Structure formats: C-alpha cells, structure tokens
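See below for model21.txt, which holds compact mmCIF, C-alpha atoms.
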```
# COMPACT_ATOMS: atom_id res chain seq x y z
CA MET A 1041 0.00 0.00 0.00
CA LYS A 1042 2.81 2.33 0.94
CA GLN A 1043 4.58 1.40 -2.29
CA GLN A 1044 1.41 2.22 -4.23
CA ASN A 1045 1.15 5.62 -2.51
CA LYS A 1046 4.76 6.41 -3.30
CA PHE A 1047 4.20 5.46 -6.93
CA ASN A 1048 1.14 7.68 -7.15
CA SER A 1049 3.02 10.53 -5.56
CA GLU A 1050 5.88 10.23 -8.06
CA GLN A 1051 3.42 10.03 -10.91
CA GLN A 1052 1.65 13.14 -9.67
CA GLN A 1053 4.90 15.04 -9.34
CA GLU A 1054 5.92 14.03 -12.85
CA LEU A 1055 2.52 15.01 -14.21
CA ALA A 1056 2.66 18.33 -12.37
CA ALA A 1057 6.13 19.00 -13.78
CA GLN A 1058 4.90 18.23 -17.31
CA GLN A 1059 1.88 20.49 -16.88
CA HIS A 1060 4.10 23.24 -15.48
CA THR A 1061 6.38 23.02 -18.52
CA THR A 1062 3.44 23.09 -20.91
CA GLN A 1063 1.87 26.02 -19.10
CA ASN A 1064 5.14 27.93 -19.11
CA THR A 1065 5.46 27.46 -22.87
CA ALA A 1066 1.88 28.52 -23.47
CA GLN A 1067 2.06 31.43 -21.08
CA GLU A 1068 5.23 32.79 -22.51
CA PHE A 1069 3.42 33.99 -25.60
CA ALA A 1070 -0.14 34.34 -24.41
CA THR A 1071 -1.01 36.80 -27.19
CA VAL A 1072 0.20 37.54 -30.69
CA GLU A 1073 1.51 40.87 -29.41
CA ASP A 1074 3.58 39.11 -26.74
CA LEU A 1075 5.04 36.85 -29.39
CA LEU A 1076 5.92 39.77 -31.65
CA ARG A 1077 7.36 41.77 -28.75
CA PHE A 1078 9.62 38.88 -27.86
CA ASP A 1079 10.64 38.57 -31.50
CA ALA A 1080 11.39 42.31 -31.60
CA THR A 1081 13.65 42.07 -28.55
CA GLN A 1082 15.63 39.36 -30.36
CA THR A 1083 15.99 41.48 -33.49
CA SER A 1084 18.56 44.26 -33.65
CA PRO A 1085 19.48 46.46 -36.59
CA PRO A 1086 22.75 45.31 -38.19
CA ALA A 1087 25.82 46.89 -36.56
CA SER A 1088 26.90 48.23 -39.95
CA LEU A 1089 23.78 50.39 -40.25
CA ALA A 1090 24.74 53.15 -37.78
CA PRO A 1091 28.11 54.02 -39.40
CA ARG A 1092 26.51 53.77 -42.83
CA LEU A 1093 23.82 56.23 -41.79
CA GLN A 1094 26.37 58.50 -40.14
CA GLN A 1095 28.32 58.64 -43.40
CA SER A 1096 25.19 59.29 -45.46
CA SER A 1097 23.93 62.06 -43.17
CA ALA A 1098 27.35 63.72 -43.14
CA ASP A 1099 27.17 64.02 -46.92
CA ILE A 1100 24.00 66.11 -46.97
CA PRO A 1101 23.77 69.72 -45.79
CA ARG A 1102 21.74 70.35 -42.66
CA PRO A 1103 18.36 71.96 -43.33
CA ASN A 1104 18.04 75.71 -42.92
CA ARG A 1105 15.70 77.15 -40.34
CA PRO A 1106 12.29 77.84 -41.89
CA TRP A 1107 11.39 81.50 -42.54
CA TRP A 1108 8.73 81.54 -39.81
CA GLN A 1109 11.23 80.45 -37.18
CA LYS A 1110 13.68 83.10 -38.27
CA LEU A 1111 10.89 85.69 -38.07
CA PHE A 1112 9.62 84.74 -34.60
CA GLN A 1113 12.84 83.66 -32.91
CA ARG A 1114 15.00 86.70 -33.58
CA MET B 1488 -1.28 50.04 -23.81
CA ASN B 1489 0.63 53.09 -22.68
CA GLU B 1490 -0.37 56.74 -22.81
CA PRO B 1491 0.01 58.37 -26.23
CA LEU B 1492 3.62 59.25 -26.98
CA ALA B 1493 2.63 62.80 -27.84
CA ASP B 1494 1.78 63.29 -24.15
CA ARG B 1495 5.18 62.14 -23.01
CA GLU B 1496 8.37 64.08 -22.98
CA CYS B 1497 10.47 63.46 -26.07
CA PRO B 1498 14.17 62.83 -25.49
CA VAL B 1499 14.86 64.95 -28.54
CA GLN B 1500 12.95 68.20 -28.82
CA PRO B 1501 11.61 69.61 -32.10
CA GLN B 1502 14.10 71.97 -33.70
CA SER B 1503 15.70 72.65 -37.02
CA ASP B 1504 19.36 72.95 -36.09
CA TRP B 1505 20.51 69.39 -35.51
CA THR B 1506 23.76 68.20 -34.11
CA PRO B 1507 25.11 64.76 -35.04
CA GLU B 1508 24.74 63.76 -31.37
CA GLU B 1509 21.03 64.54 -31.36
CA PHE B 1510 20.50 62.59 -34.54
CA ALA B 1511 22.48 59.70 -33.04
CA ASN B 1512 20.21 59.82 -29.97
CA LEU B 1513 17.15 59.64 -32.19
CA TYR B 1514 18.62 56.65 -33.99
CA ALA B 1515 19.54 54.91 -30.74
CA GLU B 1516 16.04 55.42 -29.37
CA HIS B 1517 14.01 54.26 -32.36
CA SER B 1518 16.15 52.26 -34.80
CA ARG B 1519 15.23 48.88 -33.31
CA ALA B 1520 11.49 49.55 -33.70
CA ILE B 1521 11.84 50.90 -37.23
CA PHE B 1522 14.11 48.06 -38.33
CA TYR B 1523 11.75 45.46 -36.85
CA LEU B 1524 8.75 46.95 -38.65
CA ALA B 1525 10.66 47.03 -41.94
CA LEU B 1526 12.00 43.51 -41.46
CA ARG B 1527 8.69 41.86 -40.69
CA PHE B 1528 6.69 43.99 -43.13
CA LEU B 1529 9.05 43.46 -46.07
CA GLY B 1530 10.20 39.97 -45.06
CA ASP B 1531 13.76 40.53 -46.23
CA PRO B 1532 16.68 41.45 -43.90
CA GLN B 1533 18.71 43.27 -46.57
CA LYS B 1534 15.70 45.27 -47.78
CA ALA B 1535 14.88 46.07 -44.15
CA GLU B 1536 18.39 47.39 -43.54
CA ASP B 1537 18.22 49.57 -46.64
CA ALA B 1538 14.74 50.76 -45.73
CA THR B 1539 15.79 51.67 -42.18
CA HIS B 1540 18.75 53.59 -43.56
CA ASP B 1541 16.52 55.47 -46.00
CA VAL B 1542 13.87 56.20 -43.35
CA PHE B 1543 16.37 57.80 -40.98
CA LEU B 1544 18.02 59.69 -43.81
CA LYS B 1545 14.64 61.06 -44.87
CA ALA B 1546 13.98 62.00 -41.27
CA PHE B 1547 17.33 63.79 -41.12
CA ARG B 1548 16.48 65.75 -44.26
CA LYS B 1549 13.01 66.64 -42.99
CA MET B 1550 13.85 67.46 -39.38
CA ASP B 1551 12.82 71.05 -39.94
CA GLN B 1552 9.31 69.86 -40.88
CA PHE B 1553 8.73 68.07 -37.58
CA ARG B 1554 6.29 70.17 -35.57
CA GLY B 1555 6.14 68.13 -32.39
CA GLU B 1556 2.39 67.46 -32.82
CA ALA B 1557 3.04 63.72 -32.88
CA SER B 1558 5.80 61.81 -31.15
CA TRP B 1559 9.12 61.13 -32.82
CA ARG B 1560 8.27 57.43 -32.85
CA THR B 1561 4.98 58.07 -34.63
CA TRP B 1562 6.63 60.45 -37.09
CA LEU B 1563 9.32 57.91 -37.93
CA TYR B 1564 6.73 55.14 -38.28
CA ARG B 1565 4.80 57.27 -40.74
CA ILE B 1566 7.90 57.72 -42.91
CA ALA B 1567 8.70 53.99 -42.58
CA ILE B 1568 5.18 52.85 -43.53
CA ASN B 1569 5.12 55.08 -46.62
CA HIS B 1570 8.58 53.94 -47.61
CA CYS B 1571 7.83 50.24 -47.17
CA ARG B 1572 4.55 50.53 -49.05
CA ASN B 1573 6.30 52.27 -51.94
CA LEU B 1574 8.93 49.54 -52.01
CA GLN B 1575 6.29 46.85 -51.99
CA GLN B 1576 4.36 48.43 -54.82
CA SER B 1577 7.47 48.44 -56.96
CA TRP B 1578 7.94 44.70 -56.52
CA ASN B 1579 6.19 42.32 -58.85
CA GLU B 1580 5.92 39.57 -56.30
CA ARG B 1581 6.41 39.03 -52.59
CA HIS B 1582 9.89 37.98 -51.59
CA MET B 1583 10.13 34.69 -49.74
CA PHE B 1584 13.14 33.32 -47.88
CA SER B 1585 16.11 32.54 -50.09
CA ASN B 1586 19.42 30.90 -49.23
CA ALA B 1587 20.96 34.34 -48.80
CA ASP B 1588 18.25 35.24 -46.28
CA GLU B 1589 18.94 32.11 -44.28
CA ALA B 1590 22.62 33.01 -44.11
CA ILE B 1591 21.69 36.36 -42.62
CA TRP B 1592 19.50 34.67 -40.03
CA GLU B 1593 22.37 32.41 -39.05
CA ASN B 1594 24.68 35.38 -38.60
CA ALA B 1595 22.14 37.09 -36.37
CA VAL B 1596 21.70 33.93 -34.31
CA ALA B 1597 25.42 33.56 -33.74
CA GLN B 1598 25.39 36.78 -31.72
CA SER B 1599 22.95 35.42 -29.13
CA ASP B 1600 23.92 34.09 -25.71
CA SER B 1601 22.73 30.52 -25.29
CA PRO B 1602 22.89 27.88 -28.07
CA LEU B 1603 19.48 26.49 -27.08
CA ARG B 1604 17.94 29.89 -27.09
CA VAL B 1605 19.52 30.65 -30.40
CA LEU B 1606 17.96 27.62 -32.03
CA GLU B 1607 14.55 28.53 -30.68
CA THR B 1608 14.87 32.15 -31.69
CA LYS B 1609 15.90 31.28 -35.21
CA GLU B 1610 13.00 28.93 -35.69
CA LEU B 1611 10.59 31.32 -34.09
CA GLY B 1612 11.66 34.22 -36.29
CA GLU B 1613 11.21 32.16 -39.42
CA ARG B 1614 7.79 30.94 -38.28
CA ILE B 1615 6.66 34.45 -37.43
CA GLN B 1616 7.83 35.72 -40.81
CA LYS B 1617 6.01 32.95 -42.67
CA ALA B 1618 2.83 33.60 -40.72
CA LEU B 1619 3.03 37.36 -41.30
CA ASP B 1620 3.77 36.87 -45.01
CA ALA B 1621 0.54 34.92 -45.34
CA LEU B 1622 -1.54 37.81 -43.94
CA PRO B 1623 -2.98 40.75 -45.87
CA ASP B 1624 -0.74 43.83 -45.66
CA GLU B 1625 -3.23 45.66 -43.49
CA TYR B 1626 -3.36 42.94 -40.85
CA ARG B 1627 0.40 42.55 -40.86
CA LEU B 1628 0.92 46.26 -40.34
CA LEU B 1629 -1.69 46.49 -37.57
CA LEU B 1630 -0.15 43.63 -35.62
CA LEU B 1631 3.35 45.04 -35.93
CA LEU B 1632 2.29 48.51 -34.82
CA ILE B 1633 0.09 47.38 -31.93
CA ALA B 1634 2.91 45.15 -30.66
CA ASP B 1635 4.87 48.34 -29.99
CA GLU B 1636 3.85 49.14 -26.43
CA GLN B 1637 4.73 52.78 -26.95
CA LEU B 1638 1.84 53.25 -29.39
CA SER B 1639 -1.79 53.74 -28.38
CA TYR B 1640 -4.77 52.49 -30.40
CA GLU B 1641 -5.38 56.11 -31.38
CA GLU B 1642 -1.85 56.50 -32.69
CA VAL B 1643 -2.06 53.22 -34.61
CA GLY B 1644 -5.37 54.47 -36.03
CA THR B 1645 -3.76 57.74 -37.10
CA LEU B 1646 -0.87 55.91 -38.74
CA THR B 1647 -3.19 53.58 -40.64
CA GLU B 1648 -5.78 56.29 -41.38
CA GLN B 1649 -8.72 54.85 -39.47
CA SER B 1650 -10.46 55.20 -36.11
CA ALA B 1651 -9.27 53.49 -32.94
CA ASP B 1652 -12.50 51.44 -32.95
CA ALA B 1653 -11.79 50.25 -36.47
CA VAL B 1654 -8.29 49.27 -35.34
CA ARG B 1655 -9.75 47.22 -32.47
CA GLY B 1656 -12.17 45.43 -34.80
CA LYS B 1657 -9.60 44.61 -37.44
CA LEU B 1658 -7.06 43.64 -34.82
CA HIS B 1659 -9.37 40.95 -33.52
CA ARG B 1660 -9.53 39.40 -36.99
CA ALA B 1661 -5.80 39.92 -37.55
CA ARG B 1662 -4.95 38.05 -34.33
CA LYS B 1663 -7.14 35.12 -35.35
CA ALA B 1664 -5.66 35.04 -38.85
CA PHE B 1665 -2.13 35.14 -37.47
CA ALA B 1666 -2.82 32.41 -34.93
CA ALA B 1667 -4.22 30.16 -37.67
CA THR B 1668 -1.33 30.69 -40.06
CA PHE B 1669 1.24 30.48 -37.27
CA LYS B 1670 -0.10 27.07 -36.26
CA LYS B 1671 0.38 25.83 -39.82
CA THR B 1672 4.11 26.65 -39.61
CA GLU B 1673 4.67 24.05 -36.85
```

What is this file in structure tokens?
Amino acid sequence: MKQQNKFNSEQQQELAAQQHTTQNTAQEFATVEDLLRFDATQTSPPASLAPRLQQSSADIPRPNRPWWQKLFQR
Amino acid sequence: MNEPLADRECPVQPQSDWTPEEFANLYAEHSRAIFYLALRFLGDPQKAEDATHDVFLKAFRKMDQFRGEASWRTWLYRIAINHCRNLQQSWNERHMFSNADEAIWENAVAQSDSPLRVLETKELGERIQKALDALPDEYRLLLLLIADEQLSYEEVGTLTEQSADAVRGKLHRARKAFAATFKKTE
C-alpha cells in the first residue's frame, strides 16, 4: 500500500512538472503581441547600419531654419 | 497600452538645427522599432536594412518639418510605412526566404547568448515571418504597430488612417488570422 502511494506521488509530481512546462510554454506567448514583442527584442538592426547612416547624413547639408522660425525667434 | 507618446516628454525636442549627437540619440532610441517593422513587413533582412537607412536619412532631411504634434516614434513610423509601401508596390511579387536570407538569419543567431535559445529564436523568427507573409498587408501592419507598447490604439489608427475602434475590430480578426497561419508553420 505504501509502495502504491509512493508510486502515485511520483506520478503526480511528474505530471505536475509536465503540466508546469506546458503552461510555461503557453504562457510565454499568451497573445500575438507578446510573441511579436519577444521577437522584436531578439531582433537588432545590423551593426553596420549606424556608421553607414552616419556617413550618409554627413554628406548632406543640414536643413536651414524655416522662414517663420527666423521671423519669430529673432 | 501606454499613454500616447505625444503626451510624453520626447528625449529629442523639435528643432531645425541638428547636431550629429542629437540625430544619433534619435537613432539609438528608435532604430530597433523601425528596423523590426521594416524587417517583418518586407520579409527581407537586406531590404529592411536599406529601408531603415533610407527612413532615418529622410527624417534627417526633414527634421525642420517636424512640428512636435506627434511623437518622434509616430513620425518615424509614418515615414517607414510610406517607404515600405512604396517599395512593396514596386515589386512584382512578394519575396520569400532565399538561401541568402537564411545566411543572414544564421549570422544574427550567432550573436545570441545561449545555443538552445539561439535555435529557438531562429525557428521562431522564421515561423513568425512565414505567418506574417501569409496575412494581408493591413493585418500585418496592424499587428506590428500594436505590438509596440509605446503606441496607443489612437496612434495606430492615425498611422493607418482609421479610427481606434476600427483598429480594435480589425485587430481581432488579424490576431485570429495570425494564430491560424502560425499554427500551420509548426
């Protein structure tokens, strides 16, 4: 009888562990938004992009202040 | 969903005389969001890199036109959406994953911490892309925008030229469509 109880207890623990794992997986991405947010955190712009952009922006002249700003901010 | 960005303090204030440092701050703050939108909307890492570059360059050129009525994030998203839509219209067919794309994914994965996590992330990214590719453009865009916690329903509505209620309604259908297509990628 004791042996049977022990067996049941082990089975229950194993079952509980399996359910916990399944629940964790399901809960991790409970919504589409959660899934996409996780995906976004794993996705970074390529490291080469910042220097490339820096070079490109250095090649163009900075915009002049618009006439209305010049008029009102003298 | 957070408060509208327009109500929050912007790290970079509207002005016309930009220093390289301020532009760098703007890039640091928003480049991940813009790149992610371009990547998942266009479905091509190289196109997404080029698009992100062009979006920020356009923003740099048009800094003097920013009035501060919307947030920087919303303003950049607007430029990105228009740019990506124009790119898409110029393509004859949707781009699917090629061998070159897979190589890029592998490079990105190699930068992650844990090998197990890497494997999962790689598979997950591919599955998400396949599921998004199967959706209509409007659903894909709505899901990508609403996943950005910095945007409110109102701001997503403004960006997609519809009311917040319309966004909520379409989002419900978009979620269901995504879930169905995502399951097929298993």

Atomic distance atom CA of Leu1622 of chain B - atom CA of Ala1664 of chain B, expressed in Å with one decimal: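 If I compute the distance from atom CA of Leu1622 of chain B to atom CA of Ala1664 of chain B, I get 7.1 Å.
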
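The spacing separating atom CA of Arg1519 of chain B from atom CA of Gln1094 of chain A amounts to 16.2 Å.
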
At most 7 Å to chain B: residues in chain A, only C-alpha atoms, as a list in words: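 On the chain A side, the interface is Val1072, Glu1073, Leu1076, Arg1077, Asp1079, Ala1080, Thr1083, Ser1084, Pro1085, Leu1089, Leu1093, Ser1097, Pro1103 and Arg1105 of chain A.
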
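One finds atom CA of Phe1528 of chain B at 9.3 Å from atom CA of Gln1575 of chain B.
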
Of the listed residues B:Arg1554, B:Arg1614, B:Lys1671, B:Arg1627, that which approaches Thr1647 of chain B most closely, counting all atoms listed in the file: B:Arg1627

Given all atoms listed in the file as the counted atoms, nearest of B:Val1542, B:Val1654, B:Ala1621, B:Val1643 to Ser1096 of chain A: B:Val1542
